[in-house]
file structure-v4.cif (mmCIF, C-alpha atoms)
data_input
loop_
_atom_site.group_PDB
_atom_site.id
_atom_site.type_symbol
_atom_site.label_atom_id
_atom_site.label_comp_id
_atom_site.auth_asym_id
_atom_site.auth_seq_id
_atom_site.Cartn_x
_atom_site.Cartn_y
_atom_site.Cartn_z
ATOM 1 C CA MET A 1 -3.893 15.960 7.356
ATOM 2 C CA ARG A 2 -4.802 12.373 7.562
ATOM 3 C CA VAL A 3 -3.283 10.519 10.534
ATOM 4 C CA SER A 4 -2.606 11.061 14.174
ATOM 5 C CA LEU A 5 -0.101 10.485 16.889
ATOM 6 C CA ALA A 6 -3.084 10.104 19.219
ATOM 7 C CA ASN A 7 -6.196 9.097 17.352
ATOM 8 C CA THR A 8 -8.622 8.774 20.259
ATOM 9 C CA ASN A 9 -12.264 8.592 19.246
ATOM 10 C CA LYS A 10 -14.172 10.948 21.539
ATOM 11 C CA LYS A 11 -17.523 10.284 19.879
ATOM 12 C CA ALA A 12 -18.661 7.114 21.608
ATOM 13 C CA GLY A 13 -22.258 8.290 21.311
ATOM 14 C CA ALA A 14 -22.002 8.933 17.584
ATOM 15 C CA PRO A 15 -24.634 6.398 16.358
ATOM 16 C CA ALA A 16 -27.323 7.780 18.683
ATOM 17 C CA ARG A 17 -26.346 11.310 17.797
ATOM 18 C CA ASP A 18 -26.485 10.467 14.087
ATOM 19 C CA ARG A 19 -30.058 9.204 14.429
ATOM 20 C CA GLN A 20 -31.064 12.341 16.329
ATOM 21 C CA HIS A 21 -29.435 14.544 13.720
ATOM 22 C CA ALA A 22 -31.143 12.669 10.895
ATOM 23 C CA VAL A 23 -34.547 13.271 12.466
ATOM 24 C CA ALA A 24 -33.728 16.935 13.031
ATOM 25 C CA ALA A 25 -32.517 17.367 9.458
ATOM 26 C CA ALA A 26 -35.624 15.719 8.059
ATOM 27 C CA ALA A 27 -37.827 18.095 10.048
ATOM 28 C CA ALA A 28 -35.807 21.175 9.179
ATOM 29 C CA PHE A 29 -35.427 20.679 5.423
ATOM 30 C CA PRO A 30 -38.097 22.695 3.574
ATOM 31 C CA CYS A 31 -39.010 20.115 0.909
ATOM 32 C CA PRO A 32 -39.207 16.293 0.956
ATOM 33 C CA LEU A 33 -36.466 14.241 -0.606
ATOM 34 C CA GLN A 34 -37.442 12.649 -3.922
ATOM 35 C CA LEU A 35 -35.354 9.516 -4.038
ATOM 36 C CA ASP A 36 -37.331 7.502 -6.614
ATOM 37 C CA LEU A 37 -36.006 9.518 -9.569
ATOM 38 C CA PRO A 38 -33.749 8.104 -12.297
ATOM 39 C CA LEU A 39 -30.113 8.586 -11.346
ATOM 40 C CA PRO A 40 -29.333 11.665 -13.514
ATOM 41 C CA GLN A 41 -32.418 13.439 -12.164
ATOM 42 C CA LEU A 42 -31.659 12.280 -8.650
ATOM 43 C CA ILE A 43 -28.191 13.785 -8.909
ATOM 44 C CA ARG A 44 -29.703 17.123 -9.917
ATOM 45 C CA HIS A 45 -32.223 16.922 -7.083
ATOM 46 C CA LEU A 46 -29.575 16.150 -4.451
ATOM 47 C CA THR A 47 -27.349 18.861 -5.885
ATOM 48 C CA THR A 48 -30.153 21.350 -5.268
ATOM 49 C CA VAL A 49 -30.650 20.024 -1.741
ATOM 50 C CA PHE A 50 -26.960 20.283 -0.905
ATOM 51 C CA GLN A 51 -26.640 23.677 -2.550
ATOM 52 C CA HIS A 52 -29.583 24.962 -0.500
ATOM 53 C CA GLU A 53 -27.828 23.808 2.668
ATOM 54 C CA GLY A 54 -24.557 25.490 1.690
ATOM 55 C CA LEU A 55 -22.443 22.370 1.220
ATOM 56 C CA PRO A 56 -19.281 22.826 -0.835
ATOM 57 C CA ALA A 57 -19.233 21.283 -4.335
ATOM 58 C CA PRO A 58 -22.873 20.105 -4.140
ATOM 59 C CA GLN A 59 -22.914 18.154 -7.420
ATOM 60 C CA SER A 60 -19.713 16.296 -6.578
ATOM 61 C CA GLU A 61 -21.150 15.551 -3.135
ATOM 62 C CA ALA A 62 -24.290 14.095 -4.719
ATOM 63 C CA GLU A 63 -22.286 11.986 -7.151
ATOM 64 C CA TRP A 64 -19.883 10.667 -4.488
ATOM 65 C CA LEU A 65 -22.757 9.814 -2.176
ATOM 66 C CA LEU A 66 -24.662 7.836 -4.800
ATOM 67 C CA ALA A 67 -21.564 6.191 -6.237
ATOM 68 C CA GLY A 68 -20.525 5.123 -2.741
ATOM 69 C CA LEU A 69 -23.985 3.825 -1.930
ATOM 70 C CA LEU A 70 -24.156 1.822 -5.163
ATOM 71 C CA LYS A 71 -20.446 0.867 -5.059
ATOM 72 C CA ILE A 72 -19.846 2.049 -8.607
ATOM 73 C CA LYS A 73 -17.655 4.686 -10.230
ATOM 74 C CA ARG A 74 -19.035 8.205 -10.493
ATOM 75 C CA SER A 75 -18.993 8.004 -14.301
ATOM 76 C CA ALA A 76 -21.226 4.901 -14.151
ATOM 77 C CA LEU A 77 -24.021 6.996 -12.608
ATOM 78 C CA TYR A 78 -24.731 8.408 -16.059
ATOM 79 C CA GLU A 79 -24.527 5.175 -18.057
ATOM 80 C CA ASP A 80 -28.101 4.006 -17.433
ATOM 81 C CA HIS A 81 -30.448 6.998 -17.599
ATOM 82 C CA ASP A 82 -33.431 4.935 -16.441
ATOM 83 C CA ARG A 83 -31.859 3.310 -13.406
ATOM 84 C CA CYS A 84 -33.544 4.108 -10.083
ATOM 85 C CA LEU A 85 -32.657 3.216 -6.532
ATOM 86 C CA THR A 86 -34.396 0.217 -5.040
ATOM 87 C CA LEU A 87 -36.539 0.823 -1.963
ATOM 88 C CA PRO A 88 -33.788 -0.385 0.426
ATOM 89 C CA GLN A 89 -31.292 1.813 -1.420
ATOM 90 C CA GLN A 90 -33.662 4.769 -1.080
ATOM 91 C CA GLN A 91 -33.821 4.199 2.669
ATOM 92 C CA THR A 92 -30.026 4.142 2.870
ATOM 93 C CA ALA A 93 -29.771 7.234 0.662
ATOM 94 C CA ARG A 94 -32.200 9.090 2.918
ATOM 95 C CA GLU A 95 -30.061 8.275 5.955
ATOM 96 C CA PHE A 96 -26.878 9.309 4.130
ATOM 97 C CA VAL A 97 -28.370 12.630 2.972
ATOM 98 C CA HIS A 98 -29.688 13.484 6.426
ATOM 99 C CA ARG A 99 -26.309 12.746 7.984
ATOM 100 C CA ARG A 100 -24.542 14.847 5.356
ATOM 101 C CA LEU A 101 -26.926 17.745 5.999
ATOM 102 C CA GLN A 102 -25.663 17.646 9.579
ATOM 103 C CA ARG A 103 -22.177 18.168 8.094
ATOM 104 C CA GLU A 104 -20.927 14.691 8.918
ATOM 105 C CA PRO A 105 -18.047 14.083 6.488
ATOM 106 C CA LEU A 106 -19.004 12.002 3.471
ATOM 107 C CA PRO A 107 -16.047 9.589 3.925
ATOM 108 C CA TYR A 108 -17.330 8.716 7.411
ATOM 109 C CA ILE A 109 -20.829 8.182 6.048
ATOM 110 C CA LEU A 110 -19.516 5.906 3.301
ATOM 111 C CA ARG A 111 -16.832 4.451 5.604
ATOM 112 C CA SER A 112 -14.410 4.563 2.704
ATOM 113 C CA TRP A 113 -12.204 7.065 0.905
ATOM 114 C CA GLU A 114 -9.577 6.995 -1.820
ATOM 115 C CA PHE A 115 -5.912 7.841 -1.307
ATOM 116 C CA TYR A 116 -3.219 7.532 -3.980
ATOM 117 C CA GLY A 117 -5.523 5.330 -6.064
ATOM 118 C CA LEU A 118 -6.358 2.938 -3.209
ATOM 119 C CA LYS A 119 -9.566 2.688 -1.187
ATOM 120 C CA PHE A 120 -9.248 2.889 2.591
ATOM 121 C CA GLU A 121 -11.696 2.307 5.388
ATOM 122 C CA VAL A 122 -12.167 5.483 7.415
ATOM 123 C CA ASN A 123 -14.134 6.076 10.584
ATOM 124 C CA PRO A 124 -14.181 8.629 13.427
ATOM 125 C CA ALA A 125 -11.122 6.985 15.016
ATOM 126 C CA VAL A 126 -8.910 8.218 12.163
ATOM 127 C CA LEU A 127 -8.458 11.309 10.063
ATOM 128 C CA ILE A 128 -9.753 11.404 6.508
ATOM 129 C CA PRO A 129 -6.955 11.076 3.916
ATOM 130 C CA ARG A 130 -6.260 14.343 2.093
ATOM 131 C CA PRO A 131 -4.907 14.938 -1.427
ATOM 132 C CA GLU A 132 -2.042 17.089 -0.129
ATOM 133 C CA THR A 133 -0.685 14.115 1.817
ATOM 134 C CA GLU A 134 -0.357 12.253 -1.483
ATOM 135 C CA LEU A 135 2.369 14.751 -2.401
ATOM 136 C CA LEU A 136 4.325 13.692 0.680
ATOM 137 C CA VAL A 137 3.948 10.024 -0.214
ATOM 138 C CA GLU A 138 4.972 10.689 -3.808
ATOM 139 C CA LYS A 139 8.193 12.332 -2.614
ATOM 140 C CA VAL A 140 9.044 9.485 -0.239
ATOM 141 C CA ILE A 141 8.442 6.883 -2.940
ATOM 142 C CA ALA A 142 10.819 8.725 -5.280
ATOM 143 C CA LEU A 143 13.521 8.940 -2.589
ATOM 144 C CA ALA A 144 13.115 5.339 -1.418
ATOM 145 C CA ARG A 145 12.968 3.541 -4.777
ATOM 146 C CA PRO A 146 16.757 3.474 -5.266
ATOM 147 C CA ARG A 147 17.184 1.944 -1.788
ATOM 148 C CA ALA A 148 16.174 -1.717 -1.961
ATOM 149 C CA GLY A 149 15.017 -2.965 1.414
ATOM 150 C CA ALA A 150 14.712 0.504 2.917
ATOM 151 C CA ARG A 151 13.400 0.528 6.471
ATOM 152 C CA ILE A 152 10.541 3.034 6.796
ATOM 153 C CA LEU A 153 8.677 4.279 9.865
ATOM 154 C CA ASP A 154 5.247 5.939 9.715
ATOM 155 C CA LEU A 155 4.746 7.887 12.952
ATOM 156 C CA GLY A 156 1.046 8.291 13.721
ATOM 157 C CA THR A 157 -0.286 5.952 11.071
ATOM 158 C CA GLY A 158 -4.031 6.491 11.672
ATOM 159 C CA SER A 159 -5.885 4.727 8.848
ATOM 160 C CA GLY A 160 -2.569 3.376 7.569
ATOM 161 C CA CYS A 161 -2.942 5.127 4.228
ATOM 162 C CA ILE A 162 0.675 6.355 4.134
ATOM 163 C CA ALA A 163 2.291 3.118 5.296
ATOM 164 C CA ILE A 164 0.127 0.878 3.103
ATOM 165 C CA THR A 165 0.608 3.051 0.016
ATOM 166 C CA LEU A 166 4.364 3.005 0.545
ATOM 167 C CA ALA A 167 4.265 -0.779 0.912
ATOM 168 C CA ALA A 168 2.279 -1.097 -2.315
ATOM 169 C CA HIS A 169 4.803 0.988 -4.285
ATOM 170 C CA LEU A 170 8.001 -0.170 -2.557
ATOM 171 C CA PRO A 171 7.745 -3.979 -2.563
ATOM 172 C CA GLN A 172 11.128 -4.532 -0.904
ATOM 173 C CA ALA A 173 10.708 -1.950 1.850
ATOM 174 C CA GLN A 174 10.341 -2.908 5.509
ATOM 175 C CA ILE A 175 7.676 -0.732 7.094
ATOM 176 C CA VAL A 176 6.752 -0.029 10.702
ATOM 177 C CA ALA A 177 3.468 1.793 11.393
ATOM 178 C CA LEU A 178 2.994 3.317 14.840
ATOM 179 C CA ASP A 179 0.042 4.931 16.588
ATOM 180 C CA ASN A 180 -0.995 5.336 20.213
ATOM 181 C CA SER A 181 -4.664 4.650 19.454
ATOM 182 C CA ALA A 182 -5.771 1.014 19.500
ATOM 183 C CA ALA A 183 -8.845 1.949 17.439
ATOM 184 C CA ALA A 184 -6.688 3.616 14.791
ATOM 185 C CA LEU A 185 -4.340 0.638 14.603
ATOM 186 C CA ALA A 186 -7.288 -1.740 14.252
ATOM 187 C CA THR A 187 -8.473 0.325 11.286
ATOM 188 C CA ALA A 188 -4.982 0.347 9.775
ATOM 189 C CA ARG A 189 -4.698 -3.428 10.146
ATOM 190 C CA ARG A 190 -8.031 -3.931 8.367
ATOM 191 C CA ASN A 191 -6.851 -1.674 5.568
ATOM 192 C CA ALA A 192 -3.609 -3.619 5.287
ATOM 193 C CA GLN A 193 -5.559 -6.869 5.031
ATOM 194 C CA ARG A 194 -7.848 -5.305 2.429
ATOM 195 C CA HIS A 195 -4.836 -4.526 0.241
ATOM 196 C CA GLN A 196 -2.996 -7.778 1.063
ATOM 197 C CA MET A 197 -0.207 -5.888 2.810
ATOM 198 C CA ALA A 198 -0.657 -7.183 6.364
ATOM 199 C CA ALA A 199 2.446 -9.370 6.202
ATOM 200 C CA ARG A 200 4.503 -6.405 4.995
ATOM 201 C CA LEU A 201 3.771 -4.088 7.905
ATOM 202 C CA ASP A 202 4.783 -4.130 11.558
ATOM 203 C CA PHE A 203 2.030 -2.330 13.504
ATOM 204 C CA ARG A 204 2.938 -0.969 16.934
ATOM 205 C CA LEU A 205 0.848 0.609 19.654
ATOM 206 C CA ALA A 206 3.003 3.352 21.202
ATOM 207 C CA ASP A 207 3.419 7.087 21.572
ATOM 208 C CA MET A 208 6.107 8.439 19.281
ATOM 209 C CA CYS A 209 7.157 10.963 21.933
ATOM 210 C CA ASP A 210 7.938 8.120 24.344
ATOM 211 C CA PRO A 211 11.722 7.513 24.302
ATOM 212 C CA GLY A 212 11.109 3.911 25.300
ATOM 213 C CA ALA A 213 8.916 3.107 22.282
ATOM 214 C CA PHE A 214 11.932 1.818 20.302
ATOM 215 C CA SER A 215 15.012 -0.137 21.179
ATOM 216 C CA ALA A 216 18.216 1.888 21.396
ATOM 217 C CA GLY A 217 19.776 0.400 18.278
ATOM 218 C CA GLU A 218 16.698 0.463 16.030
ATOM 219 C CA GLN A 219 17.415 2.444 12.862
ATOM 220 C CA PHE A 220 15.304 3.637 9.934
ATOM 221 C CA ASP A 221 16.169 4.973 6.494
ATOM 222 C CA PHE A 222 12.960 7.015 6.282
ATOM 223 C CA VAL A 223 10.728 8.549 8.934
ATOM 224 C CA VAL A 224 7.363 9.829 7.704
ATOM 225 C CA SER A 225 4.731 11.611 9.744
ATOM 226 C CA ASN A 226 1.585 13.685 9.469
ATOM 227 C CA PRO A 227 1.294 14.787 13.087
ATOM 228 C CA PRO A 228 -1.355 17.004 14.695
ATOM 229 C CA TYR A 229 -0.470 20.600 13.866
ATOM 230 C CA ILE A 230 -3.571 22.822 14.082
ATOM 231 C CA LEU A 231 -3.696 25.128 17.099
ATOM 232 C CA TRP A 232 -6.640 24.742 19.452
ATOM 233 C CA LYS A 233 -7.275 28.467 19.119
ATOM 234 C CA GLU A 234 -7.734 27.936 15.355
ATOM 235 C CA ARG A 235 -10.461 25.332 15.845
ATOM 236 C CA ASP A 236 -13.406 27.688 15.295
ATOM 237 C CA THR A 237 -12.039 28.732 11.888
ATOM 238 C CA LEU A 238 -12.369 25.187 10.517
ATOM 239 C CA GLN A 239 -15.291 23.674 8.647
ATOM 240 C CA PRO A 240 -17.759 21.829 10.904
ATOM 241 C CA GLU A 241 -16.905 18.582 9.085
ATOM 242 C CA ILE A 242 -13.431 18.853 10.602
ATOM 243 C CA ARG A 243 -13.930 20.456 13.997
ATOM 244 C CA GLU A 244 -17.061 18.494 14.967
ATOM 245 C CA TYR A 245 -16.350 15.036 13.574
ATOM 246 C CA GLU A 246 -12.674 14.258 13.042
ATOM 247 C CA PRO A 247 -10.704 13.107 16.118
ATOM 248 C CA ALA A 248 -9.545 16.193 17.999
ATOM 249 C CA THR A 249 -6.379 14.589 19.345
ATOM 250 C CA ALA A 250 -5.316 13.857 15.770
ATOM 251 C CA LEU A 251 -5.781 17.494 14.793
ATOM 252 C CA PHE A 252 -5.069 19.965 17.557
ATOM 253 C CA VAL A 253 -2.052 21.053 19.573
ATOM 254 C CA GLN A 254 -1.462 23.839 22.053
ATOM 255 C CA GLU A 255 1.742 25.365 20.778
ATOM 256 C CA GLY A 256 2.247 24.011 17.259
ATOM 257 C CA LEU A 257 5.807 22.693 17.396
ATOM 258 C CA GLU A 258 5.652 20.005 20.091
ATOM 259 C CA TYR A 259 5.360 16.978 17.804
ATOM 260 C CA TYR A 260 8.050 18.262 15.456
ATOM 261 C CA ARG A 261 10.441 18.533 18.402
ATOM 262 C CA CYS A 262 9.662 14.889 19.185
ATOM 263 C CA ILE A 263 10.326 13.908 15.582
ATOM 264 C CA VAL A 264 13.649 15.759 15.432
ATOM 265 C CA THR A 265 14.738 14.180 18.731
ATOM 266 C CA PHE A 266 13.676 10.745 17.517
ATOM 267 C CA CYS A 267 15.597 11.154 14.253
ATOM 268 C CA GLN A 268 18.782 12.127 16.050
ATOM 269 C CA THR A 269 18.813 8.630 17.582
ATOM 270 C CA HIS A 270 16.954 6.415 15.128
ATOM 271 C CA LEU A 271 17.407 7.870 11.613
ATOM 272 C CA ALA A 272 20.345 6.289 9.832
ATOM 273 C CA ALA A 273 23.138 8.334 8.294
ATOM 274 C CA GLY A 274 21.919 9.669 4.981
ATOM 275 C CA GLY A 275 18.332 8.910 5.967
ATOM 276 C CA TRP A 276 15.344 11.133 5.261
ATOM 277 C CA VAL A 277 12.527 12.530 7.377
ATOM 278 C CA ALA A 278 9.341 13.763 5.689
ATOM 279 C CA CYS A 279 6.558 15.539 7.577
ATOM 280 C CA GLU A 280 3.360 17.355 6.776
ATOM 281 C CA MET A 281 3.073 20.688 8.563
ATOM 282 C CA ALA A 282 1.005 23.805 9.161
ATOM 283 C CA SER A 283 1.697 26.427 6.517
ATOM 284 C CA PRO A 284 1.573 29.402 8.938
ATOM 285 C CA ARG A 285 4.338 27.808 11.030
ATOM 286 C CA HIS A 286 6.474 26.365 8.253
ATOM 287 C CA ALA A 287 9.428 28.667 8.947
ATOM 288 C CA GLN A 288 9.533 27.712 12.637
ATOM 289 C CA ILE A 289 9.228 24.017 11.808
ATOM 290 C CA ALA A 290 11.974 24.241 9.188
ATOM 291 C CA ALA A 291 14.171 26.002 11.738
ATOM 292 C CA LEU A 292 13.764 23.059 14.142
ATOM 293 C CA PHE A 293 15.129 20.686 11.515
ATOM 294 C CA ARG A 294 17.981 23.027 10.636
ATOM 295 C CA GLU A 295 18.890 23.246 14.321
ATOM 296 C CA GLY A 296 18.816 19.443 14.357
ATOM 297 C CA HIS A 297 21.818 19.519 11.982
ATOM 298 C CA PHE A 298 20.162 17.963 8.963
ATOM 299 C CA ALA A 299 22.354 18.290 5.890
ATOM 300 C CA LYS A 300 19.591 19.060 3.413
ATOM 301 C CA LEU A 301 16.179 20.589 3.814
ATOM 302 C CA GLU A 302 13.397 21.112 1.289
ATOM 303 C CA ILE A 303 9.940 22.629 1.629
ATOM 304 C CA LEU A 304 7.209 21.218 -0.634
ATOM 305 C CA THR A 305 4.094 23.223 -1.457
ATOM 306 C CA ASP A 306 0.564 21.855 -1.712
ATOM 307 C CA TYR A 307 -1.866 22.274 -4.605
ATOM 308 C CA ALA A 308 -2.698 25.786 -3.417
ATOM 309 C CA GLY A 309 0.968 26.791 -3.413
ATOM 310 C CA ARG A 310 1.248 26.862 0.397
ATOM 311 C CA PRO A 311 4.259 25.382 2.242
ATOM 312 C CA ARG A 312 2.945 22.001 3.366
ATOM 313 C CA HIS A 313 5.760 19.457 3.785
ATOM 314 C CA VAL A 314 9.277 19.522 5.168
ATOM 315 C CA ILE A 315 11.799 17.027 3.794
ATOM 316 C CA ALA A 316 15.220 16.734 5.432
ATOM 317 C CA GLN A 317 18.217 14.421 5.157
ATOM 318 C CA THR A 318 20.688 13.514 7.864
ATOM 319 C CA GLN A 319 24.418 14.111 7.588
ATOM 320 C CA ASN A 320 26.578 11.852 5.417
ATOM 321 C CA GLY A 321 23.832 11.441 2.819
ATOM 322 C CA GLY A 322 24.268 11.031 -0.903
ATOM 323 C CA SER A 323 22.824 13.220 -3.626
ATOM 324 C CA GLY A 324 19.229 11.995 -2.899
#
call {"tool": "encode", "arguments": {"input": "structure-v4.cif", "output": "structure tokens"}}
result
Amino acid sequence: MRVSLANTNKKAGAPARDRQHAVAAAAAFPCPLQLDLPLPQLIRHLTTVFQHEGLPAPQSEAEWLLAGLLKIKRSALYEDHDRCLTLPQQQTAREFVHRRLQREPLPYILRSWEFYGLKFEVNPAVLIPRPETELLVEKVIALARPRAGARILDLGTGSGCIAITLAAHLPQAQIVALDNSAAALATARRNAQRHQMAARLDFRLADMCDPGAFSAGEQFDFVVSNPPYILWKERDTLQPEIREYEPATALFVQEGLEYYRCIVTFCQTHLAAGGWVACEMASPRHAQIAALFREGHFAKLEILTDYAGRPRHVIAQTQNGGSG
């Protein structure tokens, strides 16, 4: 998942907490950090540190952290075997490592993450872009390319990664990006400016389940959404990076189908004939979600799997559509 319908940041005390966690991590770790090593050795050292603390993919974590700190590609870390961090860079690296040892997500530490080949600002007001969401975007791009000037709506835009990526690959498309979090929309606007797409997107602060959020005659050719879909009762099964740091209102729901009902209802009024809706979804509830769209009288329905082979996206077309 990567965006929300309600991306409220509940961590107003995050900076103070981060400093407290950094101090605690420094005291708890059994050996001092050695940050004055040449980069290849430093990568090995940080890999050992992260491995000791049970972080997933410790070498990749070390490489991403240093590459983000230095603002270089990961491959460039190995080009100069004698390069060392400056003293200010060592201080920043120490802070980053301590925060990561507290399981704060690396994208939040770096305040940046890549999605579909583009870099996006991320922060605790928005979800972190995920690779599986790229599959959804790829499908929408393929469907929308033959339709010059297609009107596209991103429900729950969060960081804006879906809407901005679609704008970058569909230069004639008209795109509306909606979220009910002012902090999320501010992030999305900054990302649009970063990629020179601000003039291409219409950002709106509204709740997608509010019938009054759109005018009665407003129509779209594509509706895309990655709504909250994890059950609250599943929260404790998630990694601490997710359950403790990412915005809860962008992740969790009580029943699991509520946002999909809103999307189906919205599409019955605002999705043009032959238009497409594309949503990310929870694999365990894919059959129930697909049934909602079938009951909504969509002419075509397709389930896309993620990289692990799990049902992850539902794609449906309204009546009177072409071959797609």
call {"tool": "atom_distance", "arguments": {"input": "structure-v4.cif", "atom1": "atom CA of A:Gly274", "atom2": "atom CA of A:Met208"}}
result
21.4 Å
call {"tool": "residues_near_point", "arguments": {"input": "structure-v4.cif", "point": "(5.9, 24.8, 10.3)", "cutoff": "10 Å", "atoms": "only C-alpha atoms", "output": "ChimeraX atom specification"}}
result
/A:229,256-257,260,279-292,303,311-314
call {"tool": "write_last_selection", "arguments": {"input": "structure-v4.cif", "atoms": "C-alpha atoms", "output": "PDB file, in the coordinates of the input"}}
result
ATOM      1  CA  TYR A 229      -0.470  20.600  13.866  1.00  0.00           C
ATOM      2  CA  GLY A 256       2.247  24.011  17.259  1.00  0.00           C
ATOM      3  CA  LEU A 257       5.807  22.693  17.396  1.00  0.00           C
ATOM      4  CA  TYR A 260       8.050  18.262  15.456  1.00  0.00           C
ATOM      5  CA  CYS A 279       6.558  15.539   7.577  1.00  0.00           C
ATOM      6  CA  GLU A 280       3.360  17.355   6.776  1.00  0.00           C
ATOM      7  CA  MET A 281       3.073  20.688   8.563  1.00  0.00           C
ATOM      8  CA  ALA A 282       1.005  23.805   9.161  1.00  0.00           C
ATOM      9  CA  SER A 283       1.697  26.427   6.517  1.00  0.00           C
ATOM     10  CA  PRO A 284       1.573  29.402   8.938  1.00  0.00           C
ATOM     11  CA  ARG A 285       4.338  27.808  11.030  1.00  0.00           C
ATOM     12  CA  HIS A 286       6.474  26.365   8.253  1.00  0.00           C
ATOM     13  CA  ALA A 287       9.428  28.667   8.947  1.00  0.00           C
ATOM     14  CA  GLN A 288       9.533  27.712  12.637  1.00  0.00           C
ATOM     15  CA  ILE A 289       9.228  24.017  11.808  1.00  0.00           C
ATOM     16  CA  ALA A 290      11.974  24.241   9.188  1.00  0.00           C
ATOM     17  CA  ALA A 291      14.171  26.002  11.738  1.00  0.00           C
ATOM     18  CA  LEU A 292      13.764  23.059  14.142  1.00  0.00           C
ATOM     19  CA  ILE A 303       9.940  22.629   1.629  1.00  0.00           C
ATOM     20  CA  PRO A 311       4.259  25.382   2.242  1.00  0.00           C
ATOM     21  CA  ARG A 312       2.945  22.001   3.366  1.00  0.00           C
ATOM     22  CA  HIS A 313       5.760  19.457   3.785  1.00  0.00           C
ATOM     23  CA  VAL A 314       9.277  19.522   5.168  1.00  0.00           C
TER      24      VAL A 314
END
call {"tool": "closest_residue", "arguments": {"input": "structure-v4.cif", "among": "A:Gly68, A:Tyr116, A:Leu101, A:Gln34", "to": "A:His52", "atoms": "all atoms listed in the file"}}
result
A:Leu101
call {"tool": "atom_distance", "arguments": {"input": "structure-v4.cif", "atom1": "atom CA of A:His195", "atom2": "atom CA of A:Gly160"}}
result
11.0 Å
call {"tool": "axis_aligned_box", "arguments": {"input": "structure-v4.cif", "around": "stretch 221-235 of chain A", "padding_each_side": "5 Å", "output": "lines of an AutoDock Vina configuration file"}}
result
center_x = 2.9
center_y = 16.7
center_z = 12.9
size_x = 36.6
size_y = 33.5
size_z = 23.2
call {"tool": "closest_residue", "arguments": {"input": "structure-v4.cif", "among": "A:Trp276, A:Phe214, A:Phe252, A:Phe266", "to": "A:Phe298", "atoms": "only C-alpha atoms"}}
result
A:Trp276
call {"tool": "resolve_selection", "arguments": {"input": "structure-v4.cif", "expression": "the PyMOL selection byres ((chain A and resi 205) around 9)", "output": "count of residues only"}}
result
12
